[in-house]
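All remarks here apply to the structure that follows.
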Amino acid sequence: MAQYLLSVWHDEDFSLDELPPDFERIHAQVSAFNEELAAASAEVFAGGLHPAASATVVRPSDGEVSITDGPYAESKEIMGGFWVIEAPDLDAALEWARKAALACEGPVEVRPFQGA
Amino acid sequence: MPDGLAEVFRREAGRCTATLIRVLGDVDLAEDAVAEAFAIAAERWPVTGVPPNPGGWITTTARNRAIDRLRREATRDERHRAAHHLQSLHVDPDDRPELADLDAFVDVVPDDQLRLMFLCCHPALHPDAQVALTLRLLGGLETGEIARAFLVPEPTMAQRIVRAKRKLRDNRAPYRIPTDAELPDRLPPVLAAIYLVFTAGHTATGDELVRVDLATEAIRLARALAELMPDEPEALGLLALLLLTDARRPARLAPDGSMVPLHHQDRRRWDRAMIDEGQALVRACRRRGGPGPYQVQAAIAGVHAEAATAADTDWARIVALYDLLLALRPSPVVALNRAVAVAERDGPAAGLAALEAIDLAPLERYQPLHAVRADLLARVGRTDEAGQAYDRAIELSANPVEARFLATRRAALP
């Protein structure tokens, strides 16, 4: 078994204060996906993140650190949440990613963990 | 490499590598073992003569070398490393022999070639990487040869191949044939990669010899795929398309190296054996009744092939086939080709009208669009516009032979 990170991405302007009209539908789809993942014992760890505006960046500098308002990457797309899953191979991981992308109605990136 | 060996290498390298990847679970180990076996052959065969079953000899020798190496590593207490090698690709436990059983393993399993095709064309890889890996692992081409064929510097191609192999390894890409349910997603990239190899060989823009070789290599791969997946009509369709297109090769270039368009080709020089094989495949596909883009393109090439002269071509049938192709795989290029067929069926004015009905914006930098427009405009007597279109086509031409041809046409305008 190997472990993979499945991350889901959305636009930077996503906000929990103004939920998009399709939020409820997507939320129900993602819940169903989570249940399927758990039932297959494929889930290692998963979580949704607060929007990018909540991020803070800590940078090393001469043995000290500086703390600044985030997010770190200046990007139009922001990671909104992720799953760490266990799968026998890439194709199995991609099959979970397919279901995740359909549930979230957004792109899902698949990356393997080292040494797992 | 002596001639006999080079031929064996081209024929057997991919098959041997495919089998050893399954046995060893690692692409690099398999490649090294096969290369080592061929190096031994290059030393011995000039003395002993080529063995009766050269492919079997290479596979056995490569297998023995790989086993020796794995055993050495195992006894040198590098079990960890050996184990790592054996896990880098995910091979189904049922498919992989145990180290102890390797001595009994001799035969090349045809399915291994298919496994390797699907691995090289895994959709997680960029199409350029799919093509490069296919030529490297299945075609046994050197990295330098692949780089020259695709007009990129050799270090770029080497890095592309290394990265692709590493991605497959890091992700534990499985070494297996996709299930029927997966095939709709997994077969098209394999077909597309083989087709890309062919078009790189067919549109001569670089070193002529390398490219002709690529067309032959693509046909070899398509033939292997069609034999391994005889129930996939699109695999048969691809082979038919390549055969019917390549059959025209002897008539495609004039003695001075200029390109001869389909219309003016001496059809007696077309390769009849290739045409017959291609036509038989088209008929076999039609009986199956599961049309797909490659089969329809093969059917179009087949209509051209059965016309004794350009004037005899059944253009109505070609327009109908393009309509079907547009329904299966809508694209502005297909729409452009359809407009050309309409012009042949109903005259240049009708062709121009069909052209104007297409959204041409995505084709602004597509040389054939301007070449086609130029020809149609010239034929309806809109000479000034035709001249401008020829200029644009010449400007966009990546191929000196093609540019020369267009310049001749432009000079012939009244």
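Residue names in the structure tokens use chain letters A, B, ... in the order shown, residue numbers from 1 in each chain, and ligand numbers from 1 in the order shown.
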Under the rule of at most 7 Å, produce a per-residue listing of chain A near chain B: chain, number, name, the closest pair of atoms, and the distance in Å, as a Markdown table, using only C-alpha atoms.
```
| residue | atom | partner | partner_atom | distance |
| --- | --- | --- | --- | --- |
| A:Asp89 | CA | B:Arg172 | CA | 5.3 |
| A:Leu90 | CA | B:Ala173 | CA | 4.8 |
| A:Asp91 | CA | B:Ala173 | CA | 6.7 |
| A:Pro112 | CA | B:Asn171 | CA | 5.4 |
```
Next, the residues of the selection above should be written as a PDB file, in the first residue's frame with C-alpha atoms.
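The resulting file, selection.pdb, is shown below:
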```pdb
ATOM      1  CA  ASP A  89      -1.167   1.889  -6.752  1.00  0.00           C
ATOM      2  CA  LEU A  90      -1.572   5.051  -8.799  1.00  0.00           C
ATOM      3  CA  ASP A  91      -4.608   3.838 -10.713  1.00  0.00           C
ATOM      4  CA  PRO A 112       2.425  10.292  -3.775  1.00  0.00           C
TER       5      PRO A 112
END
```
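Contact shell of Val342 (chain B) at 10 Å (only C-alpha atoms; same-chain neighbours under 6 positions omitted): Trp315, Ala316, Ile318, Val319, Ala320, Tyr322, Leu336, Pro348, Ala349, Ala350, Gly351, Leu352, Ala353, Ala354 and Leu355 of chain B.
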Can you list, as a list of chain:residue names, every protein, DNA or RNA residue that comes within 8 Å of region 44-49 of chain A when you count only C-alpha atoms, leaving out same-chain residues fewer than 6 positions away?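 In the requested form, the answer reads A:Met79, A:Gly80, A:Gly81, A:Phe82, A:Trp83, A:Val84, A:Ile85, A:Glu86.
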Let me see the file: selected residues, C-alpha atoms, as a short mmCIF file (atom, residue, chain, number, x, y, z; two decimals), in the first residue's frame.
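Final file, part34.cif:
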```cif
data_model
loop_
_atom_site.label_atom_id
_atom_site.label_comp_id
_atom_site.auth_asym_id
_atom_site.auth_seq_id
_atom_site.Cartn_x
_atom_site.Cartn_y
_atom_site.Cartn_z
CA MET A 79 -5.87 24.56 -1.75
CA GLY A 80 -9.21 24.24 -0.03
CA GLY A 81 -8.82 20.87 1.64
CA PHE A 82 -7.23 17.49 1.29
CA TRP A 83 -7.34 13.79 1.93
CA VAL A 84 -4.45 11.50 2.72
CA ILE A 85 -5.47 8.14 1.34
CA GLU A 86 -4.04 4.66 1.21
#
```
Could you pull the residues within 12 Å of Tyr390 (chain B), counting only C-alpha atoms, minus those fewer than 4 positions along the same chain, as number ranges by chain? B: 367-378, 383-386, 394-397, 402-413
Could you pull the residues within 9 Å of region 242-248 of chain B, counting only C-alpha atoms, minus those fewer than 3 positions along the same chain, as an mmCIF file with N, CA and C atoms, in the first residue's frame?
```
data_model
loop_
_atom_site.group_PDB
_atom_site.id
_atom_site.type_symbol
_atom_site.label_atom_id
_atom_site.label_comp_id
_atom_site.auth_asym_id
_atom_site.auth_seq_id
_atom_site.Cartn_x
_atom_site.Cartn_y
_atom_site.Cartn_z
ATOM 1 N N TYR B 195 -0.017 7.378 -33.157
ATOM 2 C CA TYR B 195 -0.330 8.258 -34.286
ATOM 3 C C TYR B 195 0.668 9.420 -34.372
ATOM 4 N N PHE B 198 3.809 8.364 -35.861
ATOM 5 C CA PHE B 198 3.639 8.257 -37.314
ATOM 6 C C PHE B 198 3.693 9.626 -37.987
ATOM 7 N N HIS B 202 5.895 11.027 -40.909
ATOM 8 C CA HIS B 202 5.249 11.256 -42.209
ATOM 9 C C HIS B 202 5.469 12.676 -42.717
ATOM 10 N N ALA B 215 7.876 6.383 -39.148
ATOM 11 C CA ALA B 215 6.611 5.933 -39.724
ATOM 12 C C ALA B 215 6.550 4.404 -39.684
ATOM 13 N N THR B 216 7.665 3.769 -40.021
ATOM 14 C CA THR B 216 7.727 2.303 -39.983
ATOM 15 C C THR B 216 7.560 1.794 -38.555
ATOM 16 N N ALA B 218 5.994 3.295 -36.135
ATOM 17 C CA ALA B 218 4.603 3.499 -35.716
ATOM 18 C C ALA B 218 3.725 2.374 -36.250
ATOM 19 N N ILE B 219 3.962 1.949 -37.472
ATOM 20 C CA ILE B 219 3.168 0.856 -38.045
ATOM 21 C C ILE B 219 3.447 -0.438 -37.289
ATOM 22 N N ALA B 222 1.527 -0.136 -34.072
ATOM 23 C CA ALA B 222 0.082 -0.253 -34.317
ATOM 24 C C ALA B 222 -0.283 -1.702 -34.628
ATOM 25 N N GLY B 237 -8.525 0.189 -36.573
ATOM 26 C CA GLY B 237 -8.702 1.400 -37.371
ATOM 27 C C GLY B 237 -7.412 2.204 -37.469
ATOM 28 N N LEU B 238 -6.689 2.292 -36.357
ATOM 29 C CA LEU B 238 -5.423 3.030 -36.368
ATOM 30 C C LEU B 238 -4.435 2.359 -37.323
ATOM 31 N N LEU B 239 -4.307 1.028 -37.226
ATOM 32 C CA LEU B 239 -3.377 0.319 -38.111
ATOM 33 C C LEU B 239 -3.772 0.543 -39.567
ATOM 34 N N ALA B 251 4.805 8.015 -53.658
ATOM 35 C CA ALA B 251 4.340 9.004 -54.632
ATOM 36 C C ALA B 251 4.279 10.407 -54.041
ATOM 37 N N ARG B 252 4.654 10.527 -52.763
ATOM 38 C CA ARG B 252 4.449 11.804 -52.080
ATOM 39 C C ARG B 252 5.509 12.839 -52.397
ATOM 40 N N LEU B 262 -1.957 15.069 -53.065
ATOM 41 C CA LEU B 262 -2.745 13.872 -53.359
ATOM 42 C C LEU B 262 -3.279 13.870 -54.796
ATOM 43 N N GLN B 265 -0.601 12.930 -57.431
ATOM 44 C CA GLN B 265 0.286 11.783 -57.210
ATOM 45 C C GLN B 265 0.071 10.708 -58.284
ATOM 46 N N ARG B 267 -0.642 7.406 -58.897
ATOM 47 C CA ARG B 267 -1.230 6.389 -58.026
ATOM 48 C C ARG B 267 -0.695 4.988 -58.301
ATOM 49 N N ARG B 269 2.231 4.288 -58.187
ATOM 50 C CA ARG B 269 3.373 4.103 -57.291
ATOM 51 C C ARG B 269 2.937 3.828 -55.849
ATOM 52 N N TRP B 270 1.644 3.903 -55.579
ATOM 53 C CA TRP B 270 1.186 3.576 -54.230
ATOM 54 C C TRP B 270 1.456 2.099 -53.942
ATOM 55 N N ASP B 271 1.682 1.797 -52.677
ATOM 56 C CA ASP B 271 2.021 0.430 -52.275
ATOM 57 C C ASP B 271 0.740 -0.409 -52.168
ATOM 58 N N ARG B 272 0.526 -1.262 -53.183
ATOM 59 C CA ARG B 272 -0.743 -2.019 -53.236
ATOM 60 C C ARG B 272 -0.900 -2.970 -52.053
ATOM 61 N N ALA B 273 0.176 -3.604 -51.630
ATOM 62 C CA ALA B 273 0.068 -4.569 -50.528
ATOM 63 C C ALA B 273 -0.415 -3.878 -49.252
ATOM 64 N N MET B 274 0.133 -2.700 -49.001
ATOM 65 C CA MET B 274 -0.298 -1.945 -47.813
ATOM 66 C C MET B 274 -1.763 -1.534 -47.952
ATOM 67 N N ILE B 275 -2.139 -1.101 -49.156
ATOM 68 C CA ILE B 275 -3.529 -0.676 -49.382
ATOM 69 C C ILE B 275 -4.476 -1.859 -49.158
ATOM 70 N N ASP B 276 -4.121 -3.026 -49.709
ATOM 71 C CA ASP B 276 -4.996 -4.195 -49.550
ATOM 72 C C ASP B 276 -5.166 -4.554 -48.074
ATOM 73 N N GLU B 277 -4.063 -4.524 -47.339
ATOM 74 C CA GLU B 277 -4.154 -4.855 -45.910
ATOM 75 C C GLU B 277 -5.007 -3.821 -45.182
ATOM 76 N N GLY B 278 -4.793 -2.542 -45.515
ATOM 77 C CA GLY B 278 -5.562 -1.479 -44.878
ATOM 78 C C GLY B 278 -7.050 -1.585 -45.195
ATOM 79 N N GLN B 279 -7.366 -1.856 -46.476
ATOM 80 C CA GLN B 279 -8.778 -1.963 -46.883
ATOM 81 C C GLN B 279 -9.460 -3.141 -46.188
ATOM 82 N N ALA B 298 -9.542 6.139 -41.397
ATOM 83 C CA ALA B 298 -9.049 5.052 -42.248
ATOM 84 C C ALA B 298 -9.997 4.850 -43.423
ATOM 85 N N ALA B 301 -9.283 7.476 -45.961
ATOM 86 C CA ALA B 301 -8.064 7.129 -46.717
ATOM 87 C C ALA B 301 -8.362 5.988 -47.684
ATOM 88 N N GLY B 302 -9.264 5.078 -47.264
ATOM 89 C CA GLY B 302 -9.629 3.945 -48.112
ATOM 90 C C GLY B 302 -10.377 4.385 -49.366
ATOM 91 N N ALA B 305 -7.888 5.557 -51.690
ATOM 92 C CA ALA B 305 -7.051 4.464 -52.198
ATOM 93 C C ALA B 305 -7.734 3.693 -53.320
#
```
